[in-house]
>>> print(open('final.pdb').read())   # PDB, C-alpha atoms
ATOM      1  CA  MET A1055      14.949  19.135  28.111
ATOM      2  CA  ALA A1056      13.883  15.555  27.393
ATOM      3  CA  HIS A1057      10.211  14.749  27.113
ATOM      4  CA  GLY A1058       8.726  11.289  27.698
ATOM      5  CA  LEU A1059       5.384   9.589  28.151
ATOM      6  CA  GLY A1060       6.659   8.202  31.456
ATOM      7  CA  GLY A1061       4.055   6.595  33.673
ATOM      8  CA  GLU A1062       1.330   7.195  31.124
ATOM      9  CA  ALA A1063       2.692   4.405  28.951
ATOM     10  CA  LEU A1064       0.895   1.093  29.192
ATOM     11  CA  GLU A1065       2.710  -2.078  30.141
ATOM     12  CA  GLY A1066       4.477  -3.465  27.075
ATOM     13  CA  LEU A1067       5.800  -0.120  25.808
ATOM     14  CA  GLU A1068       9.495  -0.538  26.387
ATOM     15  CA  ARG A1069      11.508   2.619  26.985
ATOM     16  CA  SER A1070      14.682   1.624  25.197
ATOM     17  CA  CYS A1071      16.353   4.621  23.558
ATOM     18  CA  ALA A1072      18.190   3.906  20.342
ATOM     19  CA  ALA A1073      20.488   6.580  18.980
ATOM     20  CA  ASP A1074      20.024   5.394  15.387
ATOM     21  CA  ASP A1075      17.005   6.234  13.272
ATOM     22  CA  ARG A1076      14.868   3.146  12.922
ATOM     23  CA  ILE A1077      11.471   1.855  11.821
ATOM     24  CA  VAL A1078      10.091  -1.361  13.317
ATOM     25  CA  SER A1079       7.025  -2.935  11.713
ATOM     26  CA  ALA A1080       4.501  -5.059  13.595
ATOM     27  CA  PRO A1081       2.845  -8.212  12.236
ATOM     28  CA  GLY A1082       0.200  -7.050   9.809
ATOM     29  CA  ALA A1083      -3.571  -7.298   9.862
ATOM     30  CA  VAL A1084      -5.763  -6.725   6.837
ATOM     31  CA  GLY A1085      -6.098  -2.985   6.288
ATOM     32  CA  LEU A1086      -4.109  -2.118   9.421
ATOM     33  CA  GLU A1087      -0.361  -1.416   9.518
ATOM     34  CA  ARG A1088       1.481  -0.628  12.781
ATOM     35  CA  ILE A1089       5.000   0.729  13.213
ATOM     36  CA  GLU A1090       7.318   2.293  15.760
ATOM     37  CA  ALA A1091       9.625   5.032  14.461
ATOM     38  CA  ARG A1092      12.643   6.658  16.113
ATOM     39  CA  PHE A1093      14.277   9.712  14.543
ATOM     40  CA  ARG A1094      16.540  12.656  15.116
ATOM     41  CA  GLY A1095      16.081  15.727  12.941
ATOM     42  CA  ASN A1096      13.896  15.669   9.852
ATOM     43  CA  ALA A1097      12.448  12.250   9.067
ATOM     44  CA  PHE A1098       9.935  12.517   6.231
ATOM     45  CA  ASP A1099       9.626  14.987   3.387
ATOM     46  CA  LEU A1100       6.181  16.231   2.322
ATOM     47  CA  HIS A1101       4.078  13.264   1.209
ATOM     48  CA  ARG A1102       0.552  11.838   1.312
ATOM     49  CA  HIS A1103      -1.022   8.383   1.475
ATOM     50  CA  ASP A1104      -4.550   7.042   1.109
ATOM     51  CA  THR A1105      -4.908   5.786   4.674
ATOM     52  CA  TYR A1106      -5.567   7.433   7.999
ATOM     53  CA  ALA A1107      -2.359   7.879  10.000
ATOM     54  CA  ILE A1108      -3.169   7.817  13.730
ATOM     55  CA  GLY A1109      -0.454   7.572  16.332
ATOM     56  CA  VAL A1110       0.840   8.387  19.800
ATOM     57  CA  THR A1111       3.991  10.390  20.529
ATOM     58  CA  LEU A1112       6.022   8.492  23.143
ATOM     59  CA  ASP A1113       9.262  10.455  23.581
ATOM     60  CA  GLY A1114      10.404  13.859  22.363
ATOM     61  CA  VAL A1115       8.453  16.391  20.317
ATOM     62  CA  GLN A1116       6.896  15.445  16.995
ATOM     63  CA  ARG A1117       7.015  18.329  14.507
ATOM     64  CA  PHE A1118       5.106  18.353  11.198
ATOM     65  CA  HIS A1119       3.375  20.577   8.663
ATOM     66  CA  TYR A1120      -0.274  19.784   7.966
ATOM     67  CA  ARG A1121      -3.033  21.773   6.244
ATOM     68  CA  GLY A1122      -1.024  25.002   6.092
ATOM     69  CA  ALA A1123       0.216  25.046   9.687
ATOM     70  CA  LEU A1124       3.187  23.816  11.713
ATOM     71  CA  ARG A1125       2.047  21.348  14.390
ATOM     72  CA  HIS A1126       3.735  19.878  17.461
ATOM     73  CA  SER A1127       2.779  16.745  19.374
ATOM     74  CA  LEU A1128       4.084  16.096  22.884
ATOM     75  CA  PRO A1129       4.361  12.719  24.638
ATOM     76  CA  GLY A1130       0.921  11.291  25.282
ATOM     77  CA  GLN A1131      -0.770  13.324  22.571
ATOM     78  CA  VAL A1132      -2.440  11.703  19.569
ATOM     79  CA  ILE A1133      -1.888  12.624  15.939
ATOM     80  CA  VAL A1134      -4.783  12.133  13.491
ATOM     81  CA  LEU A1135      -4.014  12.657   9.795
ATOM     82  CA  HIS A1136      -6.792  12.291   7.231
ATOM     83  CA  PRO A1137      -6.255  10.250   4.048
ATOM     84  CA  ASP A1138      -4.643  12.077   1.123
ATOM     85  CA  GLU A1139      -3.629  15.141   3.179
ATOM     86  CA  PRO A1140       0.016  16.209   2.550
ATOM     87  CA  HIS A1141       2.307  16.257   5.598
ATOM     88  CA  ASP A1142       5.943  15.877   6.594
ATOM     89  CA  GLY A1143       7.482  14.942   9.925
ATOM     90  CA  GLY A1144      10.463  14.877  12.218
ATOM     91  CA  ALA A1145      11.835  15.582  15.680
ATOM     92  CA  GLY A1146      11.137  19.025  17.103
ATOM     93  CA  THR A1147      14.103  19.035  19.503
ATOM     94  CA  GLU A1148      17.640  17.689  19.581
ATOM     95  CA  ASP A1149      16.523  14.977  22.003
ATOM     96  CA  GLY A1150      15.017  13.038  19.106
ATOM     97  CA  LEU A1151      11.603  11.453  18.689
ATOM     98  CA  ARG A1152       9.891   8.126  19.269
ATOM     99  CA  TYR A1153       6.301   7.366  18.350
ATOM    100  CA  ARG A1154       3.989   4.525  17.407
ATOM    101  CA  ILE A1155       1.457   4.895  14.647
ATOM    102  CA  LEU A1156      -1.070   2.873  12.696
ATOM    103  CA  TYR A1157      -2.100   3.280   9.085
ATOM    104  CA  LEU A1158      -5.772   2.441   8.675
ATOM    105  CA  GLU A1159      -7.526   1.787   5.385
ATOM    106  CA  PRO A1160     -10.707   3.908   5.219
ATOM    107  CA  SER A1161     -12.784   0.905   4.141
ATOM    108  CA  LEU A1162     -12.459  -0.581   7.655
ATOM    109  CA  LEU A1163     -13.995   2.535   9.196
ATOM    110  CA  LEU A1164     -16.784   2.705   6.639
ATOM    111  CA  ASP A1165     -18.026  -0.701   7.724
ATOM    112  CA  CYS A1166     -18.658   0.777  11.198
ATOM    113  CA  LEU A1167     -20.202   4.076  10.171
ATOM    114  CA  ALA A1168     -23.631   2.954   8.926
ATOM    115  CA  GLY A1169     -23.415   4.769   5.619
ATOM    116  CA  THR A1170     -21.979   8.069   6.879
ATOM    117  CA  ALA A1171     -18.909   9.678   5.359
ATOM    118  CA  LEU A1172     -15.419   9.354   6.818
ATOM    119  CA  PRO A1173     -14.901  11.583   9.885
ATOM    120  CA  PHE A1174     -12.518  14.508   9.384
ATOM    121  CA  VAL A1175     -10.656  15.566  12.547
ATOM    122  CA  GLU A1176      -9.554  19.139  11.913
ATOM    123  CA  ASP A1177      -7.237  19.324  14.936
ATOM    124  CA  ALA A1178      -4.376  17.072  13.903
ATOM    125  CA  VAL A1179      -2.998  16.938  17.468
ATOM    126  CA  VAL A1180      -5.488  15.672  20.051
ATOM    127  CA  SER A1181      -5.192  15.432  23.838
ATOM    128  CA  ASP A1182      -7.630  12.679  24.770
ATOM    129  CA  PRO A1183      -6.723   9.919  27.261
ATOM    130  CA  GLY A1184      -9.600   7.760  26.022
ATOM    131  CA  LEU A1185      -8.481   7.883  22.395
ATOM    132  CA  ARG A1186      -4.871   7.364  23.455
ATOM    133  CA  GLY A1187      -5.831   4.294  25.480
ATOM    134  CA  THR A1188      -7.733   2.822  22.556
ATOM    135  CA  LEU A1189      -4.747   3.333  20.260
ATOM    136  CA  LEU A1190      -2.255   1.885  22.718
ATOM    137  CA  SER A1191      -4.382  -1.237  23.055
ATOM    138  CA  ALA A1192      -3.334  -1.988  19.469
ATOM    139  CA  LEU A1193       0.066  -0.284  19.475
ATOM    140  CA  ALA A1194       1.512  -1.419  22.828
ATOM    141  CA  PRO A1195       1.835  -5.130  21.932
ATOM    142  CA  LEU A1196       3.821  -4.289  18.798
ATOM    143  CA  ASP A1197       5.390  -7.727  18.559
ATOM    144  CA  GLU A1198       2.029  -9.530  18.679
ATOM    145  CA  GLU A1199      -0.448 -10.295  15.944
ATOM    146  CA  LEU A1200      -3.936  -8.871  16.430
ATOM    147  CA  ASP A1201      -6.738 -11.391  16.163
ATOM    148  CA  ASP A1202      -9.910 -10.723  14.205
ATOM    149  CA  LEU A1203     -12.186 -10.214  17.205
ATOM    150  CA  PHE A1204      -9.805  -7.672  18.722
ATOM    151  CA  VAL A1205      -9.503  -5.753  15.441
ATOM    152  CA  ALA A1206     -13.287  -5.578  15.022
ATOM    153  CA  ASP A1207     -13.745  -4.166  18.541
ATOM    154  CA  PHE A1208     -10.773  -1.801  18.148
ATOM    155  CA  ILE A1209     -12.100  -0.350  14.874
ATOM    156  CA  ALA A1210     -15.549   0.134  16.408
ATOM    157  CA  GLN A1211     -14.081   2.060  19.364
ATOM    158  CA  LEU A1212     -11.769   4.096  17.135
ATOM    159  CA  ALA A1213     -14.653   5.062  14.854
ATOM    160  CA  GLN A1214     -16.573   6.490  17.806
ATOM    161  CA  HIS A1215     -13.558   8.529  18.955
ATOM    162  CA  LEU A1216     -12.997   9.941  15.468
ATOM    163  CA  LYS A1217     -16.671  10.837  15.061
ATOM    164  CA  HIS A1218     -16.537  12.648  18.401
ATOM    165  CA  HIS A1219     -13.456  14.686  17.448
ATOM    166  CA  ALA A1220     -14.804  15.427  13.970
ATOM    167  CA  GLY A1221     -17.251  17.769  15.698
ATOM    168  CA  GLU A1222     -20.043  17.843  13.123
ATOM    169  CA  PRO A1223     -22.340  14.957  12.243
ATOM    170  CA  ALA A1224     -21.199  13.271   9.053
ATOM    171  CA  LYS A1225     -23.550  13.476   6.081
ATOM    172  CA  PRO A1226     -25.023  10.159   4.974
ATOM    173  CA  MET A1227     -23.620   8.611   1.795
ATOM    174  CA  GLY A1228     -25.999   7.506  -0.945
ATOM    175  CA  ARG A1229     -26.308   3.722  -1.014
ATOM    176  CA  THR A1230     -25.799   3.562  -4.789
ATOM    177  CA  ALA A1231     -22.659   5.715  -4.629
ATOM    178  CA  ARG A1232     -21.112   3.700  -1.819
ATOM    179  CA  HIS A1233     -21.917   0.385  -3.520
ATOM    180  CA  ALA A1234     -20.322   1.534  -6.800
ATOM    181  CA  ALA A1235     -17.210   2.755  -4.989
ATOM    182  CA  ALA A1236     -16.903  -0.566  -3.150
ATOM    183  CA  LEU A1237     -17.193  -2.509  -6.418
ATOM    184  CA  ALA A1238     -14.445  -0.383  -7.964
ATOM    185  CA  ARG A1239     -12.227  -0.760  -4.901
ATOM    186  CA  ASP A1240     -12.570  -4.553  -4.864
ATOM    187  CA  TYR A1241     -11.821  -4.756  -8.590
ATOM    188  CA  ILE A1242      -8.707  -2.594  -8.232
ATOM    189  CA  GLU A1243      -7.466  -4.703  -5.299
ATOM    190  CA  GLU A1244      -7.921  -7.914  -7.296
ATOM    191  CA  ASN A1245      -6.062  -6.481 -10.312
ATOM    192  CA  ALA A1246      -3.433  -4.322  -8.608
ATOM    193  CA  GLY A1247      -0.602  -6.164 -10.355
ATOM    194  CA  ARG A1248      -1.428  -4.605 -13.728
ATOM    195  CA  PRO A1249      -2.744  -1.328 -15.185
ATOM    196  CA  VAL A1250      -6.499  -0.942 -14.663
ATOM    197  CA  ARG A1251      -8.395   1.085 -17.244
ATOM    198  CA  SER A1252     -11.324   3.403 -16.656
ATOM    199  CA  ASP A1253     -13.540   1.463 -19.067
ATOM    200  CA  GLU A1254     -13.047  -1.648 -16.906
ATOM    201  CA  LEU A1255     -14.321   0.200 -13.845
ATOM    202  CA  GLU A1256     -17.239   1.596 -15.876
ATOM    203  CA  ALA A1257     -18.196  -1.959 -16.837
ATOM    204  CA  VAL A1258     -17.905  -3.192 -13.241
ATOM    205  CA  THR A1259     -19.874  -0.343 -11.631
ATOM    206  CA  GLY A1260     -22.251   0.781 -14.362
ATOM    207  CA  LEU A1261     -21.213   4.412 -13.860
ATOM    208  CA  ASP A1262     -19.279   6.703 -16.154
ATOM    209  CA  ARG A1263     -15.670   7.338 -15.117
ATOM    210  CA  TYR A1264     -16.252  10.896 -13.912
ATOM    211  CA  THR A1265     -19.231  10.070 -11.710
ATOM    212  CA  LEU A1266     -17.385   7.051 -10.344
ATOM    213  CA  SER A1267     -14.322   9.180  -9.566
ATOM    214  CA  ARG A1268     -16.477  11.599  -7.524
ATOM    215  CA  HIS A1269     -18.176   8.772  -5.637
ATOM    216  CA  PHE A1270     -14.883   6.980  -4.989
ATOM    217  CA  ARG A1271     -13.245  10.078  -3.550
ATOM    218  CA  ALA A1272     -16.298  10.900  -1.441
ATOM    219  CA  THR A1273     -16.234   7.365  -0.019
ATOM    220  CA  TYR A1274     -12.516   6.671   0.429
ATOM    221  CA  SER A1275     -11.006  10.193   0.389
ATOM    222  CA  THR A1276      -8.753   9.360  -2.549
ATOM    223  CA  SER A1277      -9.015   8.664  -6.270
ATOM    224  CA  PRO A1278      -9.122   5.246  -7.983
ATOM    225  CA  HIS A1279      -5.753   6.019  -9.581
ATOM    226  CA  ARG A1280      -4.031   6.760  -6.269
ATOM    227  CA  PHE A1281      -5.692   3.779  -4.645
ATOM    228  CA  LEU A1282      -4.146   1.507  -7.292
ATOM    229  CA  LEU A1283      -0.769   3.230  -6.997
ATOM    230  CA  MET A1284      -0.729   2.828  -3.205
ATOM    231  CA  ARG A1285      -1.488  -0.904  -3.447
ATOM    232  CA  ARG A1286       1.631  -1.289  -5.594
ATOM    233  CA  LEU A1287       3.754   0.792  -3.250
ATOM    234  CA  GLN A1288       2.575  -1.124  -0.182
ATOM    235  CA  ARG A1289       3.546  -4.367  -1.905
ATOM    236  CA  ALA A1290       6.930  -2.788  -2.614
ATOM    237  CA  ARG A1291       7.397  -1.991   1.075
ATOM    238  CA  ARG A1292       6.690  -5.606   1.990
ATOM    239  CA  MET A1293       9.268  -6.762  -0.553
ATOM    240  CA  ILE A1294      11.878  -4.347   0.829
ATOM    241  CA  GLU A1295      11.183  -5.556   4.381
ATOM    242  CA  MET A1296      11.742  -9.119   3.140
ATOM    243  CA  GLY A1297      15.132  -8.110   1.722
ATOM    244  CA  GLU A1298      14.362  -8.009  -1.993
ATOM    245  CA  PRO A1299      16.746  -5.822  -4.085
ATOM    246  CA  LEU A1300      15.288  -2.430  -4.982
ATOM    247  CA  ALA A1301      15.672  -2.786  -8.751
ATOM    248  CA  GLU A1302      13.829  -6.114  -8.761
ATOM    249  CA  THR A1303      11.161  -4.711  -6.485
ATOM    250  CA  ALA A1304      10.504  -1.784  -8.841
ATOM    251  CA  VAL A1305       9.884  -4.151 -11.759
ATOM    252  CA  ALA A1306       7.857  -6.628  -9.710
ATOM    253  CA  VAL A1307       5.320  -4.011  -8.613
ATOM    254  CA  GLY A1308       4.839  -2.637 -12.118
ATOM    255  CA  PHE A1309       7.058   0.456 -12.445
ATOM    256  CA  SER A1310       8.821   1.113 -15.724
ATOM    257  CA  ASP A1311      12.179   1.779 -14.066
ATOM    258  CA  GLN A1312      13.739   2.397 -10.656
ATOM    259  CA  SER A1313      13.679   6.180 -11.091
ATOM    260  CA  HIS A1314       9.909   6.067 -11.632
ATOM    261  CA  PHE A1315       9.576   3.812  -8.582
ATOM    262  CA  ASN A1316      11.756   6.073  -6.402
ATOM    263  CA  ARG A1317       9.755   9.169  -7.309
ATOM    264  CA  HIS A1318       6.364   7.658  -6.471
ATOM    265  CA  PHE A1319       7.644   5.949  -3.303
ATOM    266  CA  LYS A1320       8.966   9.231  -1.932
ATOM    267  CA  LYS A1321       5.738  11.071  -2.783
ATOM    268  CA  ALA A1322       3.759   8.435  -0.884
ATOM    269  CA  PHE A1323       5.993   7.829   2.153
ATOM    270  CA  GLY A1324       8.253  10.873   2.408
ATOM    271  CA  LEU A1325      11.543   9.027   1.898
ATOM    272  CA  THR A1326      13.243   6.977  -0.806
ATOM    273  CA  PRO A1327      13.113   3.166  -1.054
ATOM    274  CA  GLY A1328      16.821   3.048  -0.208
ATOM    275  CA  ARG A1329      16.277   5.051   2.969
ATOM    276  CA  TRP A1330      13.362   2.797   3.905
ATOM    277  CA  ALA A1331      15.624  -0.253   3.477
ATOM    278  CA  VAL A1332      18.203   1.302   5.809
ATOM    279  CA  LEU A1333      15.563   2.014   8.465
ATOM    280  CA  VAL A1334      14.025  -1.455   8.451
ATOM    281  CA  HIS A1335      17.233  -3.456   8.071
ATOM    282  CA  GLY A1336      19.907  -1.218   9.584
ATOM    283  CA  VAL A1337      22.186  -1.702   6.567
ATOM    284  CA  SER A1338      23.570   0.591   3.905
ATOM    285  CA  ALA A1339      21.233   1.290   1.015
ATOM    286  CA  THR A1340      24.007   0.199  -1.355
ATOM    287  CA  ARG A1341      24.148  -3.285   0.134
ATOM    288  CA  SER A1342      21.863  -6.057  -1.059
ATOM    289  CA  VAL A1343      19.800  -7.807   1.578
ATOM    290  CA  VAL A1344      19.291 -11.386   0.487
ATOM    291  CA  ALA A1345      16.232 -13.274   1.664
ATOM    292  CA  GLN A1346      14.604 -16.534   0.758
ATOM    293  CA  PRO A1347      11.763 -16.107  -1.765
ATOM    294  CA  ARG A1348       8.369 -15.810  -0.112
ATOM    295  CA  ASP A1349       4.800 -15.492  -1.231
ATOM    296  CA  ILE A1350       3.990 -11.738  -1.034
ATOM    297  CA  ARG A1351       0.568 -11.774  -2.546
TER     298      ARG A1351
END
>>> encode(input="final.pdb", output="structure tokens")
Amino acid sequence: MAHGLGGEALEGLERSCAADDRIVSAPGAVGLERIEARFRGNAFDLHRHDTYAIGVTLDGVQRFHYRGALRHSLPGQVIVLHPDEPHDGGAGTEDGLRYRILYLEPSLLLDCLAGTALPFVEDAVVSDPGLRGTLLSALAPLDEELDDLFVADFIAQLAQHLKHHAGEPAKPMGRTARHAAALARDYIEENAGRPVRSDELEAVTGLDRYTLSRHFRATYSTSPHRFLLMRRLQRARRMIEMGEPLAETAVAVGFSDQSHFNRHFKKAFGLTPGRWAVLVHGVSATRSVVAQPRDIR
């Protein structure tokens, strides 16, 4: 039996049904990535990333493992995955799956939370029309860029929904700890094109590497090392979407060889770089997609 969001979908959510697996990326905003994905069968192997993944199932049944349990999301339900939590994903029935999802950097939420820690929503599948409506306000116009004023209001609304579904009041973060973590994060972002050493972060923050690591994880729900790794892998995804060859991409983002790149990419996104290229371009992974050079900084 086919499942669909039907009349619950907002205007702008087209109901075209493509038989082929596909990922479509929206124009980006700082710290906010939006995609639509269509799959049959298993889509992503077990992986984890350092962003929230929050999306709406549109058609079919979304099936995934998360925190030791098998979960299912039906059309209209919202999925909320916390940063750095392993999960997989795919279609739960032979009818296939279509969903839209955003990947949100934790730093955007922290700016709204007045010093409290990131909200943890234990129930990964949420039935909440208000939360769904807030998400679709950003996910429905997938072909449009989101302006700064919209993003600020959207993040503020989303933060309130997540705090509500987290259930317990978040504990306040120490000002010193949060400031040190922010300094380290900014430094890593500015130097993501090269290896960053622990003694550099110690000099920037004034904390020893072990204390800083604890504060960083408490603030952003991931480690400084994984934060740096994910910045490289996100740059790699942009290069693949622009049609850059995989071997050149691996070198450009700082991996020693393509095998090293493939391994880390799959751990972060649940599929190989070649598979990602097929999904975004609709071409064989063995073919080269040639594009004009662009600034990808």
>>> resolve_selection(input="final.pdb", expression="the PyMOL selection byres ((chain A and resi 1175) around 8)", output="PyMOL selection string")
chain A and resi 1134-1136+1173-1174+1176-1178+1216+1219-1221
>>> write_last_selection(input="final.pdb", atoms="C-alpha atoms", output="PDB file, in the frame of the given file")
ATOM      1  CA  VAL A1134      -4.783  12.133  13.491  1.00  0.00           C
ATOM      2  CA  LEU A1135      -4.014  12.657   9.795  1.00  0.00           C
ATOM      3  CA  HIS A1136      -6.792  12.291   7.231  1.00  0.00           C
ATOM      4  CA  PRO A1173     -14.901  11.583   9.885  1.00  0.00           C
ATOM      5  CA  PHE A1174     -12.518  14.508   9.384  1.00  0.00           C
ATOM      6  CA  GLU A1176      -9.554  19.139  11.913  1.00  0.00           C
ATOM      7  CA  ASP A1177      -7.237  19.324  14.936  1.00  0.00           C
ATOM      8  CA  ALA A1178      -4.376  17.072  13.903  1.00  0.00           C
ATOM      9  CA  LEU A1216     -12.997   9.941  15.468  1.00  0.00           C
ATOM     10  CA  HIS A1219     -13.456  14.686  17.448  1.00  0.00           C
ATOM     11  CA  ALA A1220     -14.804  15.427  13.970  1.00  0.00           C
ATOM     12  CA  GLY A1221     -17.251  17.769  15.698  1.00  0.00           C
TER      13      GLY A1221
END
>>> resolve_selection(input="final.pdb", expression="the PyMOL selection byres ((chain A and resi 1168-1172) around 10)", output="VMD selection string")
chain A and resid 1136 to 1137 1160 to 1161 1163 to 1167 1173 to 1175 1213 1216 to 1217 1220 1223 to 1229 1232 1272 to 1275
>>> residues_around(input="final.pdb", residues="Val1084 of chain A", least_positions_apart="2", cutoff="12 Å", atoms="all atoms listed in the file", output="JSON, numbers by chain")
{"A": [1081, 1082, 1086, 1087, 1088, 1157, 1158, 1159, 1160, 1161, 1162, 1199, 1200, 1201, 1202, 1205, 1206]}
>>> atom_distance(input="final.pdb", atom1="atom CA of Ala1236 of chain A", atom2="atom CA of Leu1156 of chain A")
22.7 Å
>>> closest_residue(input="final.pdb", among="A:Val1110, A:Ala1145, A:Leu1100, A:Ala1231", to="Arg1186 of chain A", atoms="all atoms listed in the file")
A:Val1110
>>> residues_around(input="final.pdb", residues="Asn1096 of chain A", least_positions_apart="5", cutoff="9 Å", atoms="only C-alpha atoms", output="PyMOL selection string")
chain A and resi 1117+1142-1146
>>> residues_around(input="final.pdb", residues="Asn1245 of chain A", least_positions_apart="5", cutoff="12 Å", atoms="only C-alpha atoms", output="ChimeraX atom specification")
/A:1238-1240,1250-1251,1254-1255,1281-1283,1285-1286,1307-1308,1351
>>> atom_distance(input="final.pdb", atom1="atom CA of Leu1124 of chain A", atom2="atom CA of Gly1324 of chain A")
16.7 Å
>>> residues_near_point(input="final.pdb", point="(-8.3, 9.2, 25.9)", cutoff="12 Å", atoms="all atoms listed in the file", output="VMD selection string")
chain A and resid 1062 1110 1130 to 1132 1180 to 1191 1211 to 1212 1214 to 1216 1218 to 1219
>>> atom_distance(input="final.pdb", atom1="atom CA of Leu1151 of chain A", atom2="atom CA of Ala1322 of chain A")
21.3 Å
